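Dropping data25.txt in here (compact mmCIF, C-alpha atoms):
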# COMPACT_ATOMS: atom_id res chain seq x y z
CA MET A 234 106.44 72.98 99.95
CA GLU A 235 104.60 76.26 100.45
CA LEU A 236 107.85 78.23 100.37
CA THR A 237 108.94 76.45 97.17
CA LEU A 238 105.65 77.54 95.60
CA ALA A 239 106.23 81.08 96.89
CA ILE A 240 109.61 81.17 95.16
CA VAL A 241 108.39 79.69 91.86
CA LEU A 242 105.17 81.73 91.65
CA GLY A 243 106.82 84.94 92.87
CA ALA A 244 109.64 84.59 90.35
CA LEU A 245 107.12 83.89 87.56
CA PHE A 246 105.17 87.02 88.51
CA GLY A 247 108.30 89.20 88.63
CA PHE A 248 109.46 87.80 85.30
CA ALA A 249 106.04 88.47 83.75
CA LEU A 250 105.90 92.05 85.09
CA ASN A 251 109.29 92.75 83.54
CA ARG A 252 108.46 91.10 80.23
CA ALA A 253 105.11 92.90 80.00
CA GLY A 254 107.01 96.19 80.36
CA ALA A 255 105.35 97.04 83.70
CA THR A 256 108.65 97.60 85.55
CA ASN A 257 109.49 100.53 83.25
CA PRO A 258 107.92 103.78 84.53
CA GLN A 259 108.03 105.19 80.99
CA ASN A 260 105.46 102.56 79.93
CA ILE A 261 103.24 103.21 82.98
CA ILE A 262 103.25 106.98 82.50
CA ASN A 263 102.67 106.64 78.74
CA MET A 264 99.72 104.35 79.50
CA LEU A 265 98.21 106.75 82.04
CA ARG A 266 98.66 109.87 79.88
CA LEU A 267 97.00 107.89 77.04
CA ASN A 268 100.04 108.30 74.81
CA ASP A 269 100.63 104.55 74.39
CA THR A 270 98.08 102.18 75.91
CA SER A 271 99.95 98.94 75.09
CA LEU A 272 100.51 98.13 78.77
CA MET A 273 96.85 98.83 79.57
CA LYS A 274 95.92 96.39 76.81
CA ALA A 275 98.24 93.77 78.34
CA ILE A 276 96.67 94.29 81.79
CA LEU A 277 93.06 94.16 80.51
CA PHE A 278 93.90 91.11 78.43
CA ALA A 279 95.51 89.44 81.47
CA ILE A 280 92.45 90.12 83.66
CA GLY A 281 90.10 88.81 80.95
CA LEU A 282 92.13 85.69 80.28
CA SER A 283 92.49 85.06 84.04
CA SER A 284 88.72 85.32 84.50
CA LEU A 285 88.14 82.76 81.72
CA PHE A 286 90.63 80.30 83.22
CA LEU A 287 89.51 80.92 86.81
CA PHE A 288 85.78 80.50 86.21
CA GLY A 289 86.38 77.72 83.68
CA GLY A 290 88.65 75.98 86.20
CA LEU A 291 86.12 76.41 89.01
CA ALA A 292 83.31 75.01 86.83
CA LEU A 293 85.37 71.99 85.75
CA GLY A 294 86.64 71.36 89.28
CA PHE A 295 90.33 72.06 88.54
CA ILE A 296 90.45 75.04 90.86
CA ASP A 297 89.52 74.72 94.53
CA PRO A 298 86.90 77.37 95.46
CA ALA A 299 88.64 77.63 98.84
CA HIS A 300 91.50 79.39 97.01
CA VAL A 301 89.14 82.22 96.03
CA SER A 302 89.74 85.25 98.23
CA ILE A 303 87.50 88.30 97.88
CA LYS A 304 88.59 91.52 99.59
CA SER A 305 86.06 93.66 101.40
CA ALA A 306 84.42 96.64 99.67
CA TYR A 307 84.19 99.86 101.74
CA LEU A 308 84.54 103.61 101.12
CA GLY A 309 88.27 103.51 101.99
CA VAL A 310 88.83 101.25 98.98
CA PHE A 311 87.78 104.12 96.70
CA ILE A 312 89.68 106.83 98.61
CA GLY A 313 92.76 104.63 98.90
CA GLY A 314 92.46 103.96 95.17
CA LEU A 315 92.46 107.73 94.50
CA LEU A 316 95.61 108.16 96.61
CA LEU A 317 97.32 105.24 94.91
CA GLY A 318 96.35 106.62 91.50
CA LEU A 319 97.90 110.00 92.32
CA GLY A 320 101.26 108.51 93.29
CA PHE A 321 101.08 105.92 90.51
CA ALA A 322 100.81 108.72 87.91
CA LEU A 323 103.58 110.87 89.40
CA ALA A 324 106.14 108.10 89.84
CA GLY A 325 105.09 105.52 87.27
CA TYR A 326 105.28 102.81 89.91
CA CYS A 327 102.80 100.83 92.01
CA PRO A 328 103.82 98.67 94.99
CA GLY A 329 104.64 95.50 93.01
CA THR A 330 106.21 97.15 89.98
CA GLY A 331 108.21 99.55 92.20
CA LEU A 332 109.86 96.64 94.02
CA ALA A 333 110.42 94.76 90.76
CA ALA A 334 111.84 97.87 89.04
CA ALA A 335 114.22 98.50 91.93
CA ALA A 336 115.47 94.94 91.38
CA THR A 337 116.28 95.81 87.74
CA GLY A 338 118.55 98.67 88.85
CA ARG A 339 116.23 101.69 88.80
CA LYS A 340 117.27 104.14 91.53
CA ASP A 341 114.08 106.21 91.44
CA ALA A 342 112.20 102.96 92.18
CA LEU A 343 114.37 102.49 95.26
CA PHE A 344 113.27 105.91 96.55
CA PHE A 345 109.67 104.93 95.75
CA VAL A 346 110.06 101.73 97.82
CA ILE A 347 111.58 103.59 100.79
CA GLY A 348 108.73 106.12 100.63
CA GLY A 349 106.35 103.16 100.42
CA LEU A 350 107.75 101.50 103.53
CA ILE A 351 107.32 104.76 105.45
CA GLY A 352 103.82 105.32 104.00
CA ALA A 353 102.77 101.81 105.03
CA PHE A 354 104.18 102.49 108.49
CA ALA A 355 102.28 105.79 108.67
CA PHE A 356 99.07 103.86 107.90
CA THR A 357 99.94 101.23 110.53
CA LEU A 358 100.26 104.01 113.11
CA SER A 359 97.13 105.90 112.00
CA TYR A 360 94.76 102.93 111.56
CA GLY A 361 93.64 102.88 115.20
CA TRP A 362 92.72 106.58 115.10
CA LEU A 363 90.99 106.26 111.72
CA ALA A 364 88.99 103.21 112.81
CA GLU A 365 87.79 105.10 115.88
CA HIS A 366 87.23 108.63 114.53
CA SER A 367 86.53 108.04 110.83
CA SER A 368 84.83 104.67 110.99
CA PHE A 369 82.66 105.61 107.96
CA LEU A 370 85.80 104.88 105.88
CA PHE A 371 85.44 101.22 106.80
CA ASP A 372 81.65 100.87 106.48
CA LYS A 373 80.99 97.97 104.14
CA ILE A 374 79.43 98.54 100.73
CA ALA A 375 76.79 96.00 99.57
CA GLY A 376 77.81 93.58 102.31
CA GLY A 377 81.57 93.98 101.82
CA ASP A 378 82.98 90.59 100.91
CA VAL A 379 80.98 90.20 97.71
CA SER A 380 81.65 89.38 94.08
CA LEU A 381 79.48 89.81 90.99
CA ALA A 382 79.74 86.14 90.09
CA ALA A 383 79.19 83.14 92.37
CA THR A 384 82.55 81.39 92.87
CA GLY A 385 81.38 78.33 94.78
CA ASN A 386 83.06 79.65 97.94
CA GLU A 387 80.31 80.01 100.55
CA LYS A 388 82.17 82.78 102.41
CA TYR A 389 81.44 85.26 99.63
CA LYS A 390 77.99 86.30 98.47
CA ALA A 391 77.35 86.81 94.76
CA LEU A 392 75.55 89.99 93.72
CA ILE A 393 74.20 88.59 90.45
CA PRO A 394 71.97 85.56 91.06
CA VAL A 395 72.71 83.65 87.85
CA SER A 396 75.42 81.14 86.96
CA GLY A 397 78.81 82.37 88.19
CA THR A 398 80.50 80.54 85.34
CA LEU A 399 78.45 82.49 82.81
CA ILE A 400 79.28 85.88 84.41
CA GLY A 401 82.95 84.98 84.69
CA ILE A 402 83.10 84.04 81.03
CA VAL A 403 81.15 87.10 79.91
CA GLN A 404 83.49 89.33 81.94
CA GLY A 405 86.52 87.51 80.49
CA ILE A 406 85.36 88.05 76.92
CA ALA A 407 84.44 91.68 77.66
CA PHE A 408 87.89 92.51 79.07
CA ILE A 409 89.63 90.83 76.14
CA ALA A 410 87.41 92.70 73.67
CA ILE A 411 88.16 96.03 75.40
CA ALA A 412 91.89 95.22 75.30
CA TYR A 413 91.66 94.81 71.53
CA LEU A 414 89.36 97.80 70.95
CA ILE A 415 91.14 100.54 72.93
CA PRO A 416 93.20 102.63 70.48
CA THR A 417 96.95 102.40 71.15
CA HIS A 418 97.54 106.14 70.78
CA ILE A 419 94.81 108.41 72.11
CA LEU A 420 96.50 111.67 73.19
CA ASN A 421 99.76 113.38 72.13
CA LYS A 422 100.29 111.20 69.11
CA LYS A 423 103.77 111.31 67.72
CA MET B 110 109.86 84.28 71.76
CA PHE B 111 109.84 85.16 75.48
CA LEU B 112 113.35 86.62 75.26
CA LYS B 113 112.36 89.90 73.67
CA PRO B 114 112.94 92.76 76.15
CA VAL B 115 109.27 93.72 76.23
CA LEU B 116 106.67 91.44 74.66
CA ALA B 117 103.85 92.53 72.38
CA TRP B 118 100.82 93.18 74.62
CA PRO B 119 98.90 89.93 73.93
CA LEU B 120 101.97 87.88 74.91
CA GLY B 121 102.80 90.10 77.90
CA GLY B 122 99.18 89.85 79.01
CA ALA B 123 99.15 86.06 78.55
CA LEU B 124 102.31 85.73 80.66
CA LEU B 125 100.76 87.88 83.41
CA ALA B 126 97.59 85.78 83.25
CA LEU B 127 99.71 82.62 83.61
CA ALA B 128 101.15 84.05 86.84
CA PHE B 129 97.75 85.11 88.25
CA VAL B 130 95.98 81.87 87.35
CA SER B 131 98.85 79.63 88.58
CA ALA B 132 98.86 81.47 91.91
CA ILE B 133 95.12 81.00 92.54
CA LEU B 134 95.23 77.41 91.24
CA LEU B 135 98.08 76.39 93.54
CA VAL B 136 97.80 78.67 96.59
CA LYS B 137 95.82 81.94 96.62
CA PRO B 138 95.43 85.21 94.67
CA ILE B 139 98.51 87.41 94.21
CA GLY B 140 98.92 90.47 96.43
CA VAL B 141 101.90 92.67 97.28
CA SER B 142 101.21 95.77 99.36
CA THR B 143 100.52 93.98 102.69
CA GLN B 144 104.16 92.90 102.70
CA PHE B 145 105.30 96.51 103.12
CA VAL B 146 103.50 96.41 106.49
CA ILE B 147 105.03 93.02 107.33
CA ALA B 148 108.55 94.34 106.56
CA ASP B 149 107.92 97.46 108.68
CA ALA B 150 106.50 95.45 111.57
CA ALA B 151 109.37 92.93 111.52
CA VAL B 152 111.87 95.81 111.85
CA TRP B 153 109.71 97.58 114.43
CA ASP B 154 109.61 94.41 116.51
CA VAL B 155 113.42 94.21 116.48
CA ILE B 156 113.66 97.80 117.76
CA ASN B 157 110.80 97.37 120.24
CA PRO B 158 110.14 93.68 121.12
CA ASP B 159 106.89 94.59 122.91
CA ILE B 160 105.22 95.39 119.59
CA ILE B 161 104.62 91.72 118.72
CA THR B 162 104.18 89.16 121.47
CA PRO B 163 103.03 85.53 121.49
CA ASP B 164 99.48 85.34 122.79
CA GLU B 165 97.71 82.04 123.10
CA ASN B 166 94.32 83.77 123.26
CA ALA B 167 94.80 85.38 119.84
CA LYS B 168 93.54 83.54 116.78
CA SER B 169 96.93 83.87 115.06
CA GLY B 170 98.93 83.10 118.20
CA TYR B 171 100.29 86.66 118.34
CA SER B 172 99.00 90.02 119.43
CA SER B 173 100.16 93.63 119.26
CA PRO B 174 99.35 96.88 121.08
CA ASN B 175 99.13 98.41 117.58
CA ALA B 176 95.53 98.19 116.35
CA TYR B 177 96.48 97.49 112.72
CA LEU B 178 98.93 94.68 113.47
CA ASN B 179 96.43 93.25 115.94
CA LYS B 180 93.57 93.30 113.41
CA SER B 181 91.92 89.98 112.34
CA GLY B 182 93.19 88.04 115.33
CA GLY B 183 96.75 89.39 115.03
CA LYS B 184 97.26 88.12 111.48
CA TYR B 185 99.84 90.76 110.51
CA ALA B 186 101.62 90.45 113.87
CA ALA B 187 101.96 86.69 113.32
CA ASN B 188 103.29 87.13 109.78
CA ALA B 189 105.80 89.77 110.90
CA ALA B 190 106.96 87.49 113.73
CA ASN B 191 107.68 84.81 111.09
CA PRO B 192 108.51 86.75 107.92
CA PHE B 193 109.55 83.65 106.01
CA ASN B 194 105.94 82.85 105.22
CA TYR B 195 104.38 82.32 101.78
CA SER B 196 103.29 85.91 101.06
CA PHE B 197 106.53 87.58 102.13
CA VAL B 198 108.77 85.10 100.29
CA PHE B 199 106.53 85.50 97.24
CA VAL B 200 107.32 89.22 97.13
CA LEU B 201 111.07 88.64 97.59
CA ALA B 202 110.94 86.04 94.79
CA MET B 203 109.04 88.54 92.62
CA MET B 204 112.02 90.89 92.90
CA GLY B 205 114.31 87.97 92.07
CA GLY B 206 112.21 87.11 89.01
CA ALA B 207 112.35 90.68 87.71
CA PHE B 208 116.11 90.75 88.30
CA LEU B 209 116.54 87.47 86.43
CA SER B 210 114.37 88.67 83.55
CA ALA B 211 116.43 91.88 83.29
CA LEU B 212 119.61 89.76 83.15
CA LEU B 213 118.10 87.62 80.37
CA LYS B 214 117.85 90.61 78.01
CA GLY B 215 114.68 91.88 79.67
CA ASP B 216 113.69 95.48 80.33
CA LYS B 217 116.29 97.41 82.33
CA PRO B 218 117.61 100.97 82.35
CA GLN B 219 119.94 101.41 79.37
CA SER B 220 121.91 104.43 80.63
CA PRO B 221 122.88 106.07 83.95
CA SER B 222 120.32 108.75 83.16
CA GLU B 223 117.53 106.18 82.70
CA LYS B 224 118.47 104.59 86.04
CA THR B 225 117.56 107.93 87.58
CA MET B 226 114.40 108.82 85.67
CA PRO B 227 112.37 107.77 82.64
CA ALA B 228 112.65 109.86 79.45
CA VAL B 229 109.10 111.19 79.81
CA TRP B 230 110.06 112.73 83.16
CA ARG B 231 113.33 114.21 81.79
CA GLU B 232 111.50 115.83 78.88
CA ARG B 233 109.11 117.53 81.29
CA PHE B 234 111.26 118.38 84.33
CA GLY B 235 114.90 118.17 83.16
CA GLU B 236 117.86 116.21 84.53
CA ASN B 237 117.47 117.12 88.23
CA ALA B 238 117.91 113.75 89.99
CA ALA B 239 117.03 115.10 93.44
CA LEU B 240 113.65 116.28 92.17
CA ARG B 241 112.89 112.87 90.63
CA TYR B 242 114.01 111.02 93.77
CA GLY B 243 112.06 113.38 96.03
CA VAL B 244 108.85 113.01 94.06
CA SER B 245 109.33 109.21 93.79
CA PHE B 246 109.74 109.03 97.56
CA LEU B 247 106.61 111.10 98.17
CA ALA B 248 104.68 109.12 95.56
CA GLY B 249 105.75 105.88 97.27
CA PHE B 250 104.46 107.24 100.58
CA ILE B 251 101.08 108.20 99.09
CA VAL B 252 100.74 104.96 97.10
CA LEU B 253 101.36 102.67 100.07
CA TYR B 254 99.26 104.77 102.45
CA GLY B 255 96.46 104.57 99.89
CA ALA B 256 96.97 100.87 99.21
CA ARG B 257 96.74 100.04 102.93
CA LEU B 258 93.64 102.22 103.36
CA ALA B 259 92.14 100.37 100.39
CA GLY B 260 93.30 96.98 101.67
CA GLY B 261 95.23 96.14 98.49
CA CYS B 262 97.00 97.53 95.46
CA THR B 263 97.17 97.10 91.72
CA SER B 264 98.00 93.38 92.08
CA GLY B 265 95.61 92.40 94.86
CA HIS B 266 92.62 94.65 94.13
CA MET B 267 92.82 95.49 90.47
CA MET B 268 94.11 92.28 88.93
CA SER B 269 93.34 89.51 91.44
CA GLY B 270 90.17 91.31 92.53
CA MET B 271 88.64 92.00 89.15
CA MET B 272 89.54 88.56 87.76
CA GLN B 273 87.42 87.09 90.59
CA THR B 274 84.69 89.72 89.91
CA ALA B 275 85.18 91.19 93.40
CA LEU B 276 83.12 94.36 93.94
CA SER B 277 86.11 95.86 95.82
CA GLY B 278 88.32 95.36 92.76
CA TYR B 279 86.08 97.47 90.51
CA ILE B 280 85.72 100.18 93.18
CA PHE B 281 89.48 100.31 93.60
CA ALA B 282 90.16 100.44 89.85
CA LEU B 283 87.61 103.23 89.48
CA GLY B 284 89.33 105.30 92.17
CA ALA B 285 92.85 104.58 90.92
CA PHE B 286 92.14 105.54 87.30
CA ALA B 287 89.92 108.50 88.28
CA ALA B 288 93.05 109.99 89.86
CA ALA B 289 95.84 108.54 87.73
CA LEU B 290 94.57 109.44 84.26
CA PRO B 291 93.94 113.18 84.81
CA VAL B 292 97.11 113.59 86.89
CA ALA B 293 99.30 111.89 84.27
CA ILE B 294 97.66 113.84 81.44
CA ILE B 295 97.99 117.21 83.23
CA VAL B 296 101.54 116.61 84.47
CA PHE B 297 103.14 114.86 81.51
CA ASN B 298 101.31 115.76 78.30
CA LYS B 299 102.73 118.69 76.37
CA LYS B 300 100.49 121.69 76.24
CA GLY B 301 99.11 123.11 73.02
Write-out of the structure in structure tokens:
Amino acid sequence: MELTLAIVLGALFGFALNRAGATNPQNIINMLRLNDTSLMKAILFAIGLSSLFLFGGLALGFIDPAHVSIKSAYLGVFIGGLLLGLGFALAGYCPGTGLAAAATGRKDALFFVIGGLIGAFAFTLSYGWLAEHSSFLFDKIAGGDVSLAATGNEKYKALIPVSGTLIGIVQGIAFIAIAYLIPTHILNKK
Amino acid sequence: MFLKPVLAWPLGGALLALAFVSAILLVKPIGVSTQFVIADAAVWDVINPDIITPDENAKSGYSSPNAYLNKSGGKYAANAANPFNYSFVFVLAMMGGAFLSALLKGDKPQSPSEKTMPAVWRERFGENAALRYGVSFLAGFIVLYGARLAGGCTSGHMMSGMMQTALSGYIFALGAFAAALPVAIIVFNKKG
């Protein structure tokens, strides 16, 4: 059953990435150089809509809070984000879209994926050293496993002590509004 | 309506949201980059069987002499020992879904040249395929090293994380865009 869900949900995600234009590095680079922000609008809209459905679903009891999974916040999240951003801008791929783009026949994506496998291996080998000698990278920020909004999952503390549903809905509306308000062409208009 | 190669952004965004919400409704939030480690570790274990061993004292049932694979009770070691688990199959199916979408008139490279590099790259750096492949390889290395340091990538931190209002998701997005926007603008925008 779980593997059937993996196949259906994975295929849906890959289909959606392709249809949203995220498997085309031209669209990613145009988004990041602020030449055409359509894909950024799609992503912001998706996050906003997902927040509305998630927090609505949690409030109405459709979604099991046990399915919520909050990743830890620590300095390495920011530094890792910087590194990812650098490669993301140069190649026009991130881990998911690189794999999906390789599946649509893009050869540069295949090189990205091979580089990615080796980069992930390099991290696997260096983690022990980093954890020992640069442990500040892994020091938790604000308790680590925290969200702004209460999700009903006791494992994760909420930073804002008001109704989680309210914050989730406010965030959802805010992201959707930003998606609509960002100009499509900001730099290098053609 | 869903058979246009690339959808208008509200539809593309709605389809992405459908995937992210369905995943958390039925199983758990979407994430991808961990599976690069699982693939590596599965191969590593074939070459060197000592790298993942069953261990009844470990929480996951497996342990590894490698500190990363052994982290959180040997969670990654256990997943690499049995790669046909939910998260790994999800990523394989994601590739299948993108392939299927491309077949059904979705987005795919339209020429041999586009298979090699996007037009924006060609306009800036010319037709040199080796340069594009070399930079893509290096970028892949940096992206996955960064994603593992961060504990997630664009899917897991930025989308799944921010939709749940995770503090880590905002921190990650801040870092990623703080680097990606200036680099893309400096490298790819025409001067003057």
Between CA of Ser196 (chain B) and CA of Thr143 (chain B) lies a distance of 8.7 Å
- Query: Near Leu291 (chain A), within 9 Å and counting all atoms listed in the file, which residues show up once chain neighbours fewer than 4 positions away are dropped, as a list of chain:residue names?
  - Reply: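 So, after excluding close chain neighbours, the residues are A:Phe286, A:Leu287, A:Phe295, A:Ile296, A:Asp297, A:Pro298, A:Thr384, A:Gly385, A:Thr398.
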Gap from CA of Leu363 (chain A) to CA of Val379 (chain A) - Å, one decimal: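 Computing the Euclidean distance for CA of Leu363 (chain A) and CA of Val379 (chain A) yields 23.5 Å.
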Neighbouring residues of Val346 (chain A) were defined as those with any atom within 7 Å, considering only C-alpha atoms; residues of the same chain fewer than 3 positions away were excluded. Please report them as an mmCIF file with C-alpha atoms, in the coordinates of the input.
data_model
loop_
_atom_site.group_PDB
_atom_site.id
_atom_site.type_symbol
_atom_site.label_atom_id
_atom_site.label_comp_id
_atom_site.auth_asym_id
_atom_site.auth_seq_id
_atom_site.Cartn_x
_atom_site.Cartn_y
_atom_site.Cartn_z
ATOM 1 C CA GLY A 331 108.210 99.550 92.200
ATOM 2 C CA LEU A 332 109.860 96.640 94.020
ATOM 3 C CA ALA A 342 112.200 102.960 92.180
ATOM 4 C CA LEU A 343 114.370 102.490 95.260
ATOM 5 C CA GLY A 349 106.350 103.160 100.420
ATOM 6 C CA LEU A 350 107.750 101.500 103.530
ATOM 7 C CA GLY B 249 105.750 105.880 97.270
#
Worksheet entry | Within-10 Å shell of (96.3, 85.7, 115.9) in input frame, all atoms listed in the file, as a list in words |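 The requested residues, written out, are Pro163, Asp164, Glu165, Asn166, Ala167, Lys168, Ser169, Gly170, Tyr171, Ser172, Ser173, Leu178, Asn179, Lys180, Ser181, Gly182, Gly183, Lys184, Tyr185, Ala186, Ala187 and Asn188 of chain B.
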Next item on the list: Have a look at A:Met264, A:Ala255, A:Leu293, A:Leu315 and name the one nearest to chain B; count all atoms listed in the file.
Entry: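 Comparing A:Met264, A:Ala255, A:Leu293, A:Leu315 against chain B, the winner is A:Leu315.
Of the listed residues B:Ala128, B:Val229, B:Ala117, B:Pro138, the one whose atoms come nearest to Met271 (chain B) is B:Pro138, with distances taken using only C-alpha atoms.
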Selection near Leu127 (chain B), 12 Å with all atoms listed in the file, sequence-local residues under 2 positions removed, as a compact mmCIF listing (two decimals) with C-alpha atoms, keeping the file's coordinate frame:
# COMPACT_ATOMS: atom_id res chain seq x y z
CA LEU A 242 105.17 81.73 91.65
CA GLY A 243 106.82 84.94 92.87
CA LEU A 245 107.12 83.89 87.56
CA PHE A 246 105.17 87.02 88.51
CA GLY A 247 108.30 89.20 88.63
CA PHE A 248 109.46 87.80 85.30
CA ALA A 249 106.04 88.47 83.75
CA LEU A 250 105.90 92.05 85.09
CA PHE A 278 93.90 91.11 78.43
CA ALA A 279 95.51 89.44 81.47
CA ILE A 280 92.45 90.12 83.66
CA GLY A 281 90.10 88.81 80.95
CA LEU A 282 92.13 85.69 80.28
CA SER A 283 92.49 85.06 84.04
CA SER A 284 88.72 85.32 84.50
CA LEU A 285 88.14 82.76 81.72
CA PHE A 286 90.63 80.30 83.22
CA LEU A 287 89.51 80.92 86.81
CA LEU B 120 101.97 87.88 74.91
CA GLY B 121 102.80 90.10 77.90
CA GLY B 122 99.18 89.85 79.01
CA ALA B 123 99.15 86.06 78.55
CA LEU B 124 102.31 85.73 80.66
CA LEU B 125 100.76 87.88 83.41
CA PHE B 129 97.75 85.11 88.25
CA VAL B 130 95.98 81.87 87.35
CA SER B 131 98.85 79.63 88.58
CA ALA B 132 98.86 81.47 91.91
CA ILE B 133 95.12 81.00 92.54
CA LEU B 134 95.23 77.41 91.24
CA LEU B 135 98.08 76.39 93.54
CA ILE B 139 98.51 87.41 94.21
Open item on the list: Let me make sure I understand: among A:Leu308, A:Leu370, A:Ala353, A:Ala407, which one has the smallest atom-to-atom distance to chain B if we use only C-alpha atoms?
Closed with: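 Closest to chain B, using only C-alpha atoms: A:Ala353.
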Given only C-alpha atoms as the basis, pick out the residue of B:Leu258, B:Ala228, B:Ala190, B:Ala248 nearest to Asp159 (chain B).
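Ranking B:Leu258, B:Ala228, B:Ala190, B:Ala248 by distance to Asp159 (chain B), first place goes to B:Ala190.
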Requested in this report: Give as a ChimeraX atom specification every residue, naming chains and numbers as the document does, that has an atom within 12 Å of (108.9, 102.1, 97.9), counting all atoms listed in the file.
Outcome: /A:320-321,324-336,339-354 /B:141-142,144-146,148-149,242-254
- Query: Which value, in Å to one decimal, gives the distance between CA of Ser368 (chain A) and CA of Leu276 (chain B)?
  - Reply: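 Straight-line distance from CA of Ser368 (chain A) to CA of Leu276 (chain B) works out to 20.0 Å.
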Taking only N, CA, C and O atoms, show region 135-147 of chain B of the given structure as a compact mmCIF listing (two decimals), in the first residue's frame.
# COMPACT_ATOMS: atom_id res chain seq x y z
N LEU B 135 -1.89 12.02 2.78
CA LEU B 135 -1.87 10.56 2.73
C LEU B 135 -0.67 9.93 3.43
O LEU B 135 -0.78 8.83 3.98
N VAL B 136 0.50 10.60 3.39
CA VAL B 136 1.70 9.98 3.97
C VAL B 136 2.51 10.97 4.79
O VAL B 136 2.47 10.95 6.02
N LYS B 137 3.26 11.83 4.11
CA LYS B 137 4.13 12.79 4.81
C LYS B 137 4.57 13.84 3.81
O LYS B 137 4.38 13.66 2.60
N PRO B 138 5.22 14.94 4.26
CA PRO B 138 5.64 15.99 3.32
C PRO B 138 6.64 15.47 2.28
O PRO B 138 7.42 14.55 2.55
N ILE B 139 6.60 16.09 1.10
CA ILE B 139 7.51 15.73 0.01
C ILE B 139 8.93 16.18 0.33
O ILE B 139 9.14 17.27 0.86
N GLY B 140 9.90 15.34 -0.01
CA GLY B 140 11.32 15.70 0.07
C GLY B 140 12.08 14.86 -0.93
O GLY B 140 11.64 13.76 -1.27
N VAL B 141 13.20 15.38 -1.43
CA VAL B 141 13.93 14.66 -2.48
C VAL B 141 15.40 14.40 -2.13
O VAL B 141 15.90 13.29 -2.33
N SER B 142 16.09 15.42 -1.58
CA SER B 142 17.56 15.36 -1.59
C SER B 142 18.13 14.24 -0.74
O SER B 142 19.22 13.73 -1.03
N THR B 143 17.43 13.79 0.31
CA THR B 143 17.93 12.67 1.12
C THR B 143 18.19 11.44 0.26
O THR B 143 19.10 10.66 0.53
N GLN B 144 17.38 11.28 -0.80
CA GLN B 144 17.48 10.06 -1.59
C GLN B 144 18.77 9.97 -2.40
O GLN B 144 19.16 8.89 -2.84
N PHE B 145 19.46 11.12 -2.58
CA PHE B 145 20.79 11.07 -3.20
C PHE B 145 21.74 10.31 -2.27
O PHE B 145 22.57 9.52 -2.71
N VAL B 146 21.59 10.56 -0.96
CA VAL B 146 22.42 9.87 0.04
C VAL B 146 22.07 8.38 0.07
O VAL B 146 22.96 7.52 0.14
N ILE B 147 20.76 8.08 -0.01
CA ILE B 147 20.33 6.68 0.05
C ILE B 147 20.89 5.91 -1.16
O ILE B 147 21.39 4.79 -1.03
